[in-house]
Structure formats: C-alpha cells, structure tokens
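Contents: one structure, followed by commentary.
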Amino acid sequence: KAEPKCFFNECGDQSKACFGNPACLKGITCLGNCRGEQLCATQCFARFGSERLNDWLSCTLEEKECVTTGVKQDTSAFYSAPPPAIREFKPSDLEGKWYKVLGYNPKYDTYPCQINTFTTRSDGGLNNDILFRVPKPDGSGSWQNNFKETMADSKGPQGKASMTVEGKMFGLTFHEQWYMLGMGDDFRVVAYKGDTQQGPYEGAFVYTKAADSLNDAGLRSKIDAAVKAGGLNPSEMQLIDNTCPADATASGASIEDQGKEKLEWKDVFELTEWFRPGTLKKQADFDPNAGIKSM
C-alpha cells in the first residue's frame with residue numbers, strides 16, 4: 001500500500017528534487033513498471049540512475065516507508081539452512097583484487113566485467129569496491145557501475161556465515177551472509193544469502209586472481225570440485241564475460257542527458273503506480289530501455 005501524503009510531507013525535499021528533474025522522474029516511472037523485478041530495475045538505474053533518485057527511494061521506501069507491502073519480512077527461516085562454509089576461512093583470504101568468473105544467479109551474479117577489490121578495515125572486516133557492467137540493449141557498449149559494501153568479520157545471527165555484508169544499492173539497504181565454500185591459491189568459491197525490503201535472494205560465484213584463469217584446466221577442475229562440495233552443480237555456474245572492451249560509459253543519467261530527457265503522457269499515468277499500487281496492469285513486453293540511444 002502507499003501513503004500519498006507521505007511522499008510530500010515526510011520526503012518533501014527529496015520528492016521536489018526528483019520530480020523537478022525529468023531524468024529522475026523517468027527513473028521512477030521506469031521502476032514502477034518493473035514491479036520489483038531485479039534485472040528490469042538494474043536496467044532502469046543504468047539509464048536513469050542519479051543521487052536524486054537514490055535519495056528519493058531511500059526516503060520513500062526505507063526511511064519513511066511511504067510504500068509498504070503491508071507484511072514485514074521474516075527471514076529467520078531463510079538463513080537457518082545455509083550452505084556448508086569451510087572453517088579455515090579468515091577475512092584476509094579475500095584481500096586484494098579478484099575477478100568474478102562464474103556466477104549462479106543471473107539476476108545478480110553474471111554481469112560482465114566484475115572486479116572486486118577488498119581492503120582491510122580497522123575493525124577486522126573488509127571494504128569491497130565493486131565494478132560491473134550492464135550491456136546496452138542496442139549493442140553499442142555497456143554502462144560501468146561502481147558500488148561499495150562493508151563486510152564484517154562475523155558469523156551472523158545463526159553463527160554459520162563466513163562474513164556478513166551490508167551496503168546500499170540504488171538507495172536501498174541490503175544485508176547478506178557470505179559462505180566460503182572452498183578456496184585455493186588462486187580461487188575462492190562463495191555462496192550467499194541476502195535480503196532487502198523486497199524479500200530474500202541467494203546465489204553463488206567464483207573469484208580468481210586473473211580474468212582468464214578458467215583457461216587452466218587444472219584450476220577449473222579444482223574449482224568444480226569445490227563448487228560440488230558446497231552442494232552446487234558446477235554445470236549450473238555460468239561463465240562471466242571478462243573481456244571488458246573499451247566501450248563502457250558511466251552508468252546513470254549524465255548532466256547533459258538529464259537535460260535531454262522528455263516526459264511523455266504515459267509517464268504521468270505510470271507514476272500513479274507509486275501512489276496507488278496495482279492501479280495499472282504491468283506491461284508484459286515492458287522494456288526499461290525502449291527507444292534508448294547510445295550515451
């Protein structure tokens with residue numbers, strides 16, 4: 001459900017800043033059409049993302065809860081049966097630069113050119129600086145995304161995690177528990193469970209020290225064995241494209257592009273989905289990037 005007055009009474013500054021910017025307002029209507037579908041939302045942010053949009057979402061969905069599902073998520077059962085983490089893991093085992101080369105969940109794990117750089121924190125945890133790309137639908141290149149997350153040297157409430165993770169993506173907080181399934185000199189196999197206000201999610205991925213490490217048949221055999229020992233099927237792990245051609249542009253709406261965006265009549269109607277959820281039926285063929293041109 002939604003509380004229309006909340007958008008303006010509780011989040012008035014954020015709403016004014018966003019609604020006065022065509023690109024930000026287009027981002028809102030784009031997300032409304034996604035109805036919470038993750039890949040669709042990621043594409044919306046790749047095109048329209050901005051601090052204005054992040055601030056508006058953070059206030060209306062998380063801080064003041066202008067829009068709610070009416071049911072608080074209970075994730076205790078979801079986290080109660082995690083993958084089998086190895087005991088010998090320590091945070092320093094992730095320090096440095098790693099390439100994500102295999103991913104399990106296509107909604108989260110398989111974007112191209114994923115580079116994670118871990119640095120130590122004074123509290124014993126890690127900072128994770130994440131780069132990944134979202135391909136442009138017209139094939140003209142991709143958008144470069146950069147996010148940061150904080151990792152604690154904690155086994156989580158259930159006492160079964162290797163580390164716990166918190167961060168903000170697109171203005172909204174996420175929480176994760178990571179489970180180190182296996183590791184060798186040049187690879188790490190990680191499974192995770194996480195949750196946001198939209199609900200729980202899970203996945204797995206493989207880090208290696210070099211982007212082309214999977215060309216080594218011996219290393220791939222060790223990785224597959226670790227994946228299998230963690231209860232996953234190696235054949236379901238998808239290859240991640242790490243060729244990373246020099247055709248990427250920064251994600252989100254640039255200052256120039258924000259001035260070019262024009263609102264259409266359909267945007268006015270789609271905006272009602274935020275104030276009265278369920279008013280409009282989701283378009284089966286909705287494309288967040290329909291009509292987009294190269295940036």
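By convention in this document, the chains of the structure tokens carry letters A, B, ... by their order, each chain's residues are numbered from 1, and ligands are numbered from 1 in the order they are shown.
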
Based on the backbone DSSP call, show me all residues of range 38-247 of chain A assigned helix (DSSP H, G or I), as a PDB file with N, CA, C and O atoms, in the first residue's frame.
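After the write, part.pdb holds the following:
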ATOM      1  N   GLN A  38      14.271  -7.646 -10.504  1.00  0.00           N
ATOM      2  CA  GLN A  38      15.609  -7.131 -10.292  1.00  0.00           C
ATOM      3  C   GLN A  38      16.330  -6.728 -11.574  1.00  0.00           C
ATOM      4  O   GLN A  38      16.940  -5.661 -11.647  1.00  0.00           O
ATOM      5  N   LEU A  39      16.337  -7.582 -12.578  1.00  0.00           N
ATOM      6  CA  LEU A  39      17.052  -7.258 -13.815  1.00  0.00           C
ATOM      7  C   LEU A  39      16.477  -6.011 -14.459  1.00  0.00           C
ATOM      8  O   LEU A  39      17.212  -5.132 -14.923  1.00  0.00           O
ATOM      9  N   CYS A  40      15.163  -5.891 -14.472  1.00  0.00           N
ATOM     10  CA  CYS A  40      14.490  -4.718 -15.021  1.00  0.00           C
ATOM     11  C   CYS A  40      14.924  -3.465 -14.258  1.00  0.00           C
ATOM     12  O   CYS A  40      15.271  -2.436 -14.850  1.00  0.00           O
ATOM     13  N   ALA A  41      14.958  -3.552 -12.925  1.00  0.00           N
ATOM     14  CA  ALA A  41      15.342  -2.401 -12.109  1.00  0.00           C
ATOM     15  C   ALA A  41      16.787  -1.990 -12.370  1.00  0.00           C
ATOM     16  O   ALA A  41      17.106  -0.803 -12.450  1.00  0.00           O
ATOM     17  N   THR A  42      17.678  -2.973 -12.536  1.00  0.00           N
ATOM     18  CA  THR A  42      19.081  -2.671 -12.805  1.00  0.00           C
ATOM     19  C   THR A  42      19.221  -1.919 -14.120  1.00  0.00           C
ATOM     20  O   THR A  42      20.014  -0.973 -14.229  1.00  0.00           O
ATOM     21  N   GLN A  43      18.446  -2.292 -15.106  1.00  0.00           N
ATOM     22  CA  GLN A  43      18.493  -1.599 -16.391  1.00  0.00           C
ATOM     23  C   GLN A  43      17.952  -0.175 -16.263  1.00  0.00           C
ATOM     24  O   GLN A  43      18.480   0.756 -16.887  1.00  0.00           O
ATOM     25  N   CYS A  44      16.918   0.001 -15.436  1.00  0.00           N
ATOM     26  CA  CYS A  44      16.392   1.352 -15.213  1.00  0.00           C
ATOM     27  C   CYS A  44      17.460   2.246 -14.605  1.00  0.00           C
ATOM     28  O   CYS A  44      17.643   3.399 -15.013  1.00  0.00           O
ATOM     29  N   PHE A  45      18.167   1.723 -13.615  1.00  0.00           N
ATOM     30  CA  PHE A  45      19.204   2.519 -12.964  1.00  0.00           C
ATOM     31  C   PHE A  45      20.378   2.781 -13.881  1.00  0.00           C
ATOM     32  O   PHE A  45      21.003   3.835 -13.809  1.00  0.00           O
ATOM     33  N   ALA A  46      20.703   1.819 -14.738  1.00  0.00           N
ATOM     34  CA  ALA A  46      21.805   2.030 -15.676  1.00  0.00           C
ATOM     35  C   ALA A  46      21.518   3.213 -16.586  1.00  0.00           C
ATOM     36  O   ALA A  46      22.422   3.953 -16.975  1.00  0.00           O
ATOM     37  N   ARG A  47      20.247   3.421 -16.898  1.00  0.00           N
ATOM     38  CA  ARG A  47      19.892   4.523 -17.787  1.00  0.00           C
ATOM     39  C   ARG A  47      19.585   5.820 -17.043  1.00  0.00           C
ATOM     40  O   ARG A  47      20.047   6.886 -17.425  1.00  0.00           O
ATOM     41  N   PHE A  48      18.829   5.725 -15.943  1.00  0.00           N
ATOM     42  CA  PHE A  48      18.310   6.931 -15.294  1.00  0.00           C
ATOM     43  C   PHE A  48      18.895   7.218 -13.906  1.00  0.00           C
ATOM     44  O   PHE A  48      18.535   8.214 -13.281  1.00  0.00           O
ATOM     45  N   GLU A  51      21.935  10.501  -7.887  1.00  0.00           N
ATOM     46  CA  GLU A  51      21.814  10.665  -6.443  1.00  0.00           C
ATOM     47  C   GLU A  51      20.420  11.150  -6.071  1.00  0.00           C
ATOM     48  O   GLU A  51      19.905  10.822  -5.005  1.00  0.00           O
ATOM     49  N   ARG A  52      19.800  11.952  -6.955  1.00  0.00           N
ATOM     50  CA  ARG A  52      18.427  12.393  -6.693  1.00  0.00           C
ATOM     51  C   ARG A  52      17.491  11.195  -6.551  1.00  0.00           C
ATOM     52  O   ARG A  52      16.666  11.138  -5.645  1.00  0.00           O
ATOM     53  N   LEU A  53      17.630  10.254  -7.471  1.00  0.00           N
ATOM     54  CA  LEU A  53      16.772   9.071  -7.453  1.00  0.00           C
ATOM     55  C   LEU A  53      17.094   8.198  -6.235  1.00  0.00           C
ATOM     56  O   LEU A  53      16.184   7.691  -5.569  1.00  0.00           O
ATOM     57  N   ASN A  54      18.377   8.028  -5.933  1.00  0.00           N
ATOM     58  CA  ASN A  54      18.763   7.252  -4.755  1.00  0.00           C
ATOM     59  C   ASN A  54      18.172   7.851  -3.489  1.00  0.00           C
ATOM     60  O   ASN A  54      17.639   7.130  -2.627  1.00  0.00           O
ATOM     61  N   ASP A  55      18.273   9.174  -3.347  1.00  0.00           N
ATOM     62  CA  ASP A  55      17.773   9.845  -2.147  1.00  0.00           C
ATOM     63  C   ASP A  55      16.263   9.693  -2.023  1.00  0.00           C
ATOM     64  O   ASP A  55      15.732   9.496  -0.918  1.00  0.00           O
ATOM     65  N   TRP A  56      15.557   9.790  -3.149  1.00  0.00           N
ATOM     66  CA  TRP A  56      14.095   9.674  -3.125  1.00  0.00           C
ATOM     67  C   TRP A  56      13.680   8.260  -2.724  1.00  0.00           C
ATOM     68  O   TRP A  56      12.794   8.080  -1.879  1.00  0.00           O
ATOM     69  N   LEU A  57      14.331   7.254  -3.284  1.00  0.00           N
ATOM     70  CA  LEU A  57      13.995   5.867  -2.954  1.00  0.00           C
ATOM     71  C   LEU A  57      14.330   5.555  -1.503  1.00  0.00           C
ATOM     72  O   LEU A  57      13.561   4.884  -0.804  1.00  0.00           O
ATOM     73  N   SER A  58      15.481   6.046  -1.045  1.00  0.00           N
ATOM     74  CA  SER A  58      15.888   5.789   0.334  1.00  0.00           C
ATOM     75  C   SER A  58      14.871   6.360   1.321  1.00  0.00           C
ATOM     76  O   SER A  58      14.500   5.707   2.303  1.00  0.00           O
ATOM     77  N   CYS A  59      14.391   7.559   1.043  1.00  0.00           N
ATOM     78  CA  CYS A  59      13.432   8.196   1.944  1.00  0.00           C
ATOM     79  C   CYS A  59      12.057   7.541   1.864  1.00  0.00           C
ATOM     80  O   CYS A  59      11.476   7.161   2.884  1.00  0.00           O
ATOM     81  N   THR A  60      11.527   7.388   0.653  1.00  0.00           N
ATOM     82  CA  THR A  60      10.137   6.943   0.497  1.00  0.00           C
ATOM     83  C   THR A  60       9.938   5.459   0.768  1.00  0.00           C
ATOM     84  O   THR A  60       8.888   5.045   1.268  1.00  0.00           O
ATOM     85  N   LEU A  61      10.931   4.638   0.445  1.00  0.00           N
ATOM     86  CA  LEU A  61      10.755   3.192   0.611  1.00  0.00           C
ATOM     87  C   LEU A  61      11.354   2.655   1.907  1.00  0.00           C
ATOM     88  O   LEU A  61      10.847   1.674   2.455  1.00  0.00           O
ATOM     89  N   GLU A  62      12.405   3.289   2.379  1.00  0.00           N
ATOM     90  CA  GLU A  62      13.126   2.710   3.514  1.00  0.00           C
ATOM     91  C   GLU A  62      12.991   3.541   4.791  1.00  0.00           C
ATOM     92  O   GLU A  62      12.600   3.015   5.831  1.00  0.00           O
ATOM     93  N   GLU A  63      13.307   4.822   4.717  1.00  0.00           N
ATOM     94  CA  GLU A  63      13.319   5.627   5.935  1.00  0.00           C
ATOM     95  C   GLU A  63      11.906   5.947   6.437  1.00  0.00           C
ATOM     96  O   GLU A  63      11.602   5.788   7.618  1.00  0.00           O
ATOM     97  N   SER A  76      14.280 -15.292   9.135  1.00  0.00           N
ATOM     98  CA  SER A  76      14.995 -16.205  10.025  1.00  0.00           C
ATOM     99  C   SER A  76      15.045 -17.619   9.462  1.00  0.00           C
ATOM    100  O   SER A  76      16.097 -18.284   9.516  1.00  0.00           O
ATOM    101  N   ALA A  77      13.945 -18.103   8.922  1.00  0.00           N
ATOM    102  CA  ALA A  77      13.933 -19.459   8.355  1.00  0.00           C
ATOM    103  C   ALA A  77      14.802 -19.541   7.113  1.00  0.00           C
ATOM    104  O   ALA A  77      15.453 -20.567   6.863  1.00  0.00           O
ATOM    105  N   PHE A  78      14.841 -18.457   6.339  1.00  0.00           N
ATOM    106  CA  PHE A  78      15.635 -18.425   5.108  1.00  0.00           C
ATOM    107  C   PHE A  78      17.126 -18.606   5.411  1.00  0.00           C
ATOM    108  O   PHE A  78      17.841 -19.300   4.691  1.00  0.00           O
ATOM    109  N   TYR A  79      17.591 -18.008   6.487  1.00  0.00           N
ATOM    110  CA  TYR A  79      19.005 -18.083   6.843  1.00  0.00           C
ATOM    111  C   TYR A  79      19.360 -19.315   7.680  1.00  0.00           C
ATOM    112  O   TYR A  79      20.529 -19.575   7.940  1.00  0.00           O
ATOM    113  N   PRO A  91      39.104 -13.343   7.037  1.00  0.00           N
ATOM    114  CA  PRO A  91      38.895 -12.213   6.131  1.00  0.00           C
ATOM    115  C   PRO A  91      40.085 -11.891   5.240  1.00  0.00           C
ATOM    116  O   PRO A  91      39.906 -11.495   4.080  1.00  0.00           O
ATOM    117  N   SER A  92      41.274 -12.046   5.737  1.00  0.00           N
ATOM    118  CA  SER A  92      42.466 -11.732   4.936  1.00  0.00           C
ATOM    119  C   SER A  92      42.569 -12.604   3.685  1.00  0.00           C
ATOM    120  O   SER A  92      43.290 -12.264   2.746  1.00  0.00           O
ATOM    121  N   ASP A  93      41.822 -13.719   3.650  1.00  0.00           N
ATOM    122  CA  ASP A  93      41.842 -14.594   2.472  1.00  0.00           C
ATOM    123  C   ASP A  93      41.191 -13.936   1.257  1.00  0.00           C
ATOM    124  O   ASP A  93      41.315 -14.446   0.135  1.00  0.00           O
ATOM    125  N   LEU A  94      40.487 -12.833   1.478  1.00  0.00           N
ATOM    126  CA  LEU A  94      39.836 -12.133   0.362  1.00  0.00           C
ATOM    127  C   LEU A  94      40.546 -10.832  -0.013  1.00  0.00           C
ATOM    128  O   LEU A  94      40.149 -10.181  -0.988  1.00  0.00           O
ATOM    129  N   SER A 213      41.608 -17.068 -15.886  1.00  0.00           N
ATOM    130  CA  SER A 213      42.095 -18.232 -15.137  1.00  0.00           C
ATOM    131  C   SER A 213      41.408 -19.537 -15.521  1.00  0.00           C
ATOM    132  O   SER A 213      41.998 -20.612 -15.380  1.00  0.00           O
ATOM    133  N   LEU A 214      40.178 -19.462 -15.991  1.00  0.00           N
ATOM    134  CA  LEU A 214      39.454 -20.695 -16.311  1.00  0.00           C
ATOM    135  C   LEU A 214      40.028 -21.407 -17.531  1.00  0.00           C
ATOM    136  O   LEU A 214      39.641 -22.540 -17.832  1.00  0.00           O
ATOM    137  N   ASN A 215      40.955 -20.765 -18.245  1.00  0.00           N
ATOM    138  CA  ASN A 215      41.636 -21.450 -19.349  1.00  0.00           C
ATOM    139  C   ASN A 215      42.569 -22.542 -18.834  1.00  0.00           C
ATOM    140  O   ASN A 215      42.995 -23.416 -19.599  1.00  0.00           O
ATOM    141  N   ALA A 217      42.899 -25.798 -17.236  1.00  0.00           N
ATOM    142  CA  ALA A 217      42.030 -26.942 -16.984  1.00  0.00           C
ATOM    143  C   ALA A 217      42.203 -27.495 -15.576  1.00  0.00           C
ATOM    144  O   ALA A 217      41.229 -27.928 -14.934  1.00  0.00           O
ATOM    145  N   GLY A 218      43.413 -27.473 -15.076  1.00  0.00           N
ATOM    146  CA  GLY A 218      43.662 -27.975 -13.739  1.00  0.00           C
ATOM    147  C   GLY A 218      42.980 -27.137 -12.676  1.00  0.00           C
ATOM    148  O   GLY A 218      42.386 -27.663 -11.729  1.00  0.00           O
ATOM    149  N   LEU A 219      43.051 -25.810 -12.834  1.00  0.00           N
ATOM    150  CA  LEU A 219      42.391 -24.918 -11.896  1.00  0.00           C
ATOM    151  C   LEU A 219      40.883 -25.066 -11.979  1.00  0.00           C
ATOM    152  O   LEU A 219      40.191 -25.094 -10.956  1.00  0.00           O
ATOM    153  N   ARG A 220      40.368 -25.193 -13.183  1.00  0.00           N
ATOM    154  CA  ARG A 220      38.916 -25.355 -13.350  1.00  0.00           C
ATOM    155  C   ARG A 220      38.436 -26.627 -12.662  1.00  0.00           C
ATOM    156  O   ARG A 220      37.357 -26.658 -12.049  1.00  0.00           O
ATOM    157  N   SER A 221      39.230 -27.675 -12.721  1.00  0.00           N
ATOM    158  CA  SER A 221      38.861 -28.924 -12.066  1.00  0.00           C
ATOM    159  C   SER A 221      38.767 -28.740 -10.555  1.00  0.00           C
ATOM    160  O   SER A 221      37.846 -29.244  -9.899  1.00  0.00           O
ATOM    161  N   LYS A 222      39.705 -27.995  -9.970  1.00  0.00           N
ATOM    162  CA  LYS A 222      39.683 -27.725  -8.532  1.00  0.00           C
ATOM    163  C   LYS A 222      38.466 -26.882  -8.148  1.00  0.00           C
ATOM    164  O   LYS A 222      37.830 -27.112  -7.113  1.00  0.00           O
ATOM    165  N   ILE A 223      38.160 -25.896  -8.990  1.00  0.00           N
ATOM    166  CA  ILE A 223      37.003 -25.042  -8.736  1.00  0.00           C
ATOM    167  C   ILE A 223      35.718 -25.860  -8.775  1.00  0.00           C
ATOM    168  O   ILE A 223      34.858 -25.744  -7.893  1.00  0.00           O
ATOM    169  N   ASP A 224      35.565 -26.704  -9.796  1.00  0.00           N
ATOM    170  CA  ASP A 224      34.361 -27.533  -9.924  1.00  0.00           C
ATOM    171  C   ASP A 224      34.199 -28.448  -8.716  1.00  0.00           C
ATOM    172  O   ASP A 224      33.079 -28.677  -8.231  1.00  0.00           O
ATOM    173  N   ALA A 225      35.306 -28.967  -8.217  1.00  0.00           N
ATOM    174  CA  ALA A 225      35.247 -29.846  -7.056  1.00  0.00           C
ATOM    175  C   ALA A 225      34.768 -29.082  -5.824  1.00  0.00           C
ATOM    176  O   ALA A 225      33.963 -29.585  -5.027  1.00  0.00           O
ATOM    177  N   ALA A 226      35.237 -27.833  -5.663  1.00  0.00           N
ATOM    178  CA  ALA A 226      34.821 -27.014  -4.524  1.00  0.00           C
ATOM    179  C   ALA A 226      33.349 -26.625  -4.638  1.00  0.00           C
ATOM    180  O   ALA A 226      32.619 -26.607  -3.639  1.00  0.00           O
ATOM    181  N   VAL A 227      32.915 -26.322  -5.851  1.00  0.00           N
ATOM    182  CA  VAL A 227      31.507 -25.990  -6.085  1.00  0.00           C
ATOM    183  C   VAL A 227      30.620 -27.185  -5.724  1.00  0.00           C
ATOM    184  O   VAL A 227      29.594 -27.042  -5.046  1.00  0.00           O
ATOM    185  N   LYS A 228      31.029 -28.368  -6.173  1.00  0.00           N
ATOM    186  CA  LYS A 228      30.260 -29.583  -5.903  1.00  0.00           C
ATOM    187  C   LYS A 228      30.230 -29.897  -4.418  1.00  0.00           C
ATOM    188  O   LYS A 228      29.192 -30.294  -3.862  1.00  0.00           O
ATOM    189  N   ALA A 229      31.366 -29.721  -3.749  1.00  0.00           N
ATOM    190  CA  ALA A 229      31.432 -29.977  -2.302  1.00  0.00           C
ATOM    191  C   ALA A 229      30.516 -29.036  -1.528  1.00  0.00           C
ATOM    192  O   ALA A 229      30.039 -29.372  -0.440  1.00  0.00           O
ATOM    193  N   PRO A 234      28.256 -27.793 -10.711  1.00  0.00           N
ATOM    194  CA  PRO A 234      29.177 -26.960 -11.498  1.00  0.00           C
ATOM    195  C   PRO A 234      28.632 -26.581 -12.871  1.00  0.00           C
ATOM    196  O   PRO A 234      28.937 -25.494 -13.376  1.00  0.00           O
ATOM    197  N   SER A 235      27.808 -27.445 -13.463  1.00  0.00           N
ATOM    198  CA  SER A 235      27.275 -27.148 -14.801  1.00  0.00           C
ATOM    199  C   SER A 235      26.270 -26.006 -14.778  1.00  0.00           C
ATOM    200  O   SER A 235      25.951 -25.429 -15.822  1.00  0.00           O
ATOM    201  N   GLU A 236      25.771 -25.640 -13.598  1.00  0.00           N
ATOM    202  CA  GLU A 236      24.812 -24.541 -13.488  1.00  0.00           C
ATOM    203  C   GLU A 236      25.495 -23.198 -13.226  1.00  0.00           C
ATOM    204  O   GLU A 236      24.826 -22.169 -13.168  1.00  0.00           O
TER     205      GLU A 236
END

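Between Lys136 in chain A and the candidates A:Ala161, A:Leu102, A:Cys34, A:Ala250, the tightest atom-to-atom separation, counting only C-alpha atoms, involves A:Ala250.
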
If we count only C-alpha atoms, what is near Phe187 in chain A at a cut-off of 9 Å, once residues fewer than 2 positions away on the same chain are taken out, given as an mmCIF file with C-alpha atoms, in the first residue's frame?
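So result-v9.cif came out as:
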data_model
loop_
_atom_site.group_PDB
_atom_site.id
_atom_site.type_symbol
_atom_site.label_atom_id
_atom_site.label_comp_id
_atom_site.auth_asym_id
_atom_site.auth_seq_id
_atom_site.Cartn_x
_atom_site.Cartn_y
_atom_site.Cartn_z
ATOM 1 C CA TRP A 98 39.646 -10.575 -7.675
ATOM 2 C CA GLY A 182 36.192 -23.600 -0.878
ATOM 3 C CA MET A 183 39.428 -21.900 -1.792
ATOM 4 C CA GLY A 184 42.837 -22.484 -3.297
ATOM 5 C CA ASP A 185 45.915 -20.401 -4.066
ATOM 6 C CA VAL A 189 34.141 -20.148 -4.150
ATOM 7 C CA VAL A 206 33.741 -17.867 -8.145
ATOM 8 C CA TYR A 207 36.640 -15.437 -7.798
ATOM 9 C CA THR A 208 40.014 -15.913 -9.469
ATOM 10 C CA LYS A 209 43.134 -13.778 -9.476
ATOM 11 C CA SER A 213 42.095 -18.232 -15.137
ATOM 12 C CA LEU A 219 42.391 -24.918 -11.896
ATOM 13 C CA LYS A 222 39.683 -27.725 -8.532
ATOM 14 C CA ILE A 223 37.003 -25.042 -8.736
#

So which residues touch Val134 in chain A within 9 Å, counting only C-alpha atoms, skipping near sequence neighbours fewer than 5 positions away, as number ranges by chain? A: 42-43, 46, 111-112, 141-145, 251

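Counting only C-alpha atoms and comparing A:Met237, A:Met169, A:Cys244, A:Cys6, the residue that lies closest to Lys64 in chain A is A:Cys6.
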
Contacts of Pro4 in chain A at 8 Å (only C-alpha atoms; same-chain gap of 2+ positions) as a PyMOL selection string: chain A and resi 2+6-8+66+275

Skipping near chain neighbours, those fewer than 4 positions away, what residues fall within 9 Å of Thr75 in chain A using only C-alpha atoms, listed as a count of residues only? 5

Strand (DSSP E or B) residues, from DSSP on the backbone, in range 130-167 of chain A, as a PDB file with N, CA and C atoms, in the first residue's frame:
ATOM      1  N   ILE A 130      33.283  -2.609  -5.828  1.00  0.00           N
ATOM      2  CA  ILE A 130      32.758  -3.491  -6.867  1.00  0.00           C
ATOM      3  C   ILE A 130      32.564  -2.748  -8.179  1.00  0.00           C
ATOM      4  N   LEU A 131      33.100  -3.293  -9.239  1.00  0.00           N
ATOM      5  CA  LEU A 131      32.866  -2.804 -10.592  1.00  0.00           C
ATOM      6  C   LEU A 131      32.134  -3.877 -11.384  1.00  0.00           C
ATOM      7  N   PHE A 132      31.117  -3.479 -12.140  1.00  0.00           N
ATOM      8  CA  PHE A 132      30.474  -4.398 -13.074  1.00  0.00           C
ATOM      9  C   PHE A 132      29.798  -3.591 -14.170  1.00  0.00           C
ATOM     10  N   ARG A 133      29.488  -4.262 -15.270  1.00  0.00           N
ATOM     11  CA  ARG A 133      28.885  -3.574 -16.410  1.00  0.00           C
ATOM     12  C   ARG A 133      27.496  -4.115 -16.722  1.00  0.00           C
ATOM     13  N   VAL A 134      26.646  -3.224 -17.222  1.00  0.00           N
ATOM     14  CA  VAL A 134      25.319  -3.593 -17.713  1.00  0.00           C
ATOM     15  C   VAL A 134      25.304  -3.316 -19.209  1.00  0.00           C
ATOM     16  N   PRO A 135      25.189  -4.339 -20.046  1.00  0.00           N
ATOM     17  CA  PRO A 135      25.218  -4.124 -21.503  1.00  0.00           C
ATOM     18  C   PRO A 135      24.075  -3.235 -21.977  1.00  0.00           C
ATOM     19  N   SER A 142      28.360  -0.691 -23.018  1.00  0.00           N
ATOM     20  CA  SER A 142      27.785  -1.014 -21.727  1.00  0.00           C
ATOM     21  C   SER A 142      27.939   0.174 -20.776  1.00  0.00           C
ATOM     22  N   TRP A 143      27.209   0.090 -19.665  1.00  0.00           N
ATOM     23  CA  TRP A 143      27.333   1.080 -18.603  1.00  0.00           C
ATOM     24  C   TRP A 143      28.206   0.520 -17.494  1.00  0.00           C
ATOM     25  N   GLN A 144      29.158   1.305 -17.039  1.00  0.00           N
ATOM     26  CA  GLN A 144      30.033   0.905 -15.937  1.00  0.00           C
ATOM     27  C   GLN A 144      29.412   1.306 -14.608  1.00  0.00           C
ATOM     28  N   ASN A 145      29.253   0.340 -13.722  1.00  0.00           N
ATOM     29  CA  ASN A 145      28.672   0.581 -12.411  1.00  0.00           C
ATOM     30  C   ASN A 145      29.727   0.386 -11.326  1.00  0.00           C
ATOM     31  N   ASN A 146      29.600   1.143 -10.244  1.00  0.00           N
ATOM     32  CA  ASN A 146      30.535   1.038  -9.134  1.00  0.00           C
ATOM     33  C   ASN A 146      29.755   1.116  -7.819  1.00  0.00           C
ATOM     34  N   PHE A 147      29.870   0.079  -7.008  1.00  0.00           N
ATOM     35  CA  PHE A 147      29.219   0.061  -5.702  1.00  0.00           C
ATOM     36  C   PHE A 147      30.226  -0.338  -4.636  1.00  0.00           C
ATOM     37  N   LYS A 148      29.900   0.007  -3.398  1.00  0.00           N
ATOM     38  CA  LYS A 148      30.764  -0.347  -2.278  1.00  0.00           C
ATOM     39  C   LYS A 148      29.925  -1.010  -1.203  1.00  0.00           C
ATOM     40  N   GLU A 149      30.520  -1.991  -0.538  1.00  0.00           N
ATOM     41  CA  GLU A 149      29.834  -2.646   0.558  1.00  0.00           C
ATOM     42  C   GLU A 149      30.807  -2.892   1.707  1.00  0.00           C
ATOM     43  N   THR A 150      30.243  -2.998   2.896  1.00  0.00           N
ATOM     44  CA  THR A 150      31.030  -3.205   4.109  1.00  0.00           C
ATOM     45  C   THR A 150      30.839  -4.635   4.590  1.00  0.00           C
ATOM     46  N   MET A 151      31.953  -5.292   4.895  1.00  0.00           N
ATOM     47  CA  MET A 151      31.903  -6.695   5.306  1.00  0.00           C
ATOM     48  C   MET A 151      32.461  -6.821   6.722  1.00  0.00           C
ATOM     49  N   ALA A 152      31.701  -7.500   7.586  1.00  0.00           N
ATOM     50  CA  ALA A 152      32.102  -7.660   8.982  1.00  0.00           C
ATOM     51  C   ALA A 152      32.634  -9.057   9.230  1.00  0.00           C
ATOM     52  N   MET A 163      31.276 -14.373   6.617  1.00  0.00           N
ATOM     53  CA  MET A 163      31.265 -12.936   6.866  1.00  0.00           C
ATOM     54  C   MET A 163      29.846 -12.424   6.643  1.00  0.00           C
ATOM     55  N   THR A 164      29.515 -11.292   7.241  1.00  0.00           N
ATOM     56  CA  THR A 164      28.244 -10.636   6.964  1.00  0.00           C
ATOM     57  C   THR A 164      28.508  -9.347   6.199  1.00  0.00           C
ATOM     58  N   VAL A 165      27.559  -8.975   5.374  1.00  0.00           N
ATOM     59  CA  VAL A 165      27.746  -7.875   4.431  1.00  0.00           C
ATOM     60  C   VAL A 165      26.577  -6.904   4.524  1.00  0.00           C
ATOM     61  N   GLU A 166      26.881  -5.609   4.393  1.00  0.00           N
ATOM     62  CA  GLU A 166      25.828  -4.599   4.324  1.00  0.00           C
ATOM     63  C   GLU A 166      26.249  -3.526   3.336  1.00  0.00           C
ATOM     64  N   GLY A 167      25.293  -3.011   2.623  1.00  0.00           N
ATOM     65  CA  GLY A 167      25.578  -1.940   1.676  1.00  0.00           C
ATOM     66  C   GLY A 167      24.295  -1.306   1.195  1.00  0.00           C
TER      67      GLY A 167
END

Ser162 in chain A environment, 9 Å, only C-alpha atoms, sequence neighbours closer than 5 positions dropped, as an NGL selection string: :A and (85-87 or 89-91 or 153-156 or 177-180)

Counting only C-alpha atoms, figure out which residue out of A:Gly171, A:Gln73, A:Pro83, A:Asn127 gets nearest to Lys97 in chain A. A:Asn127
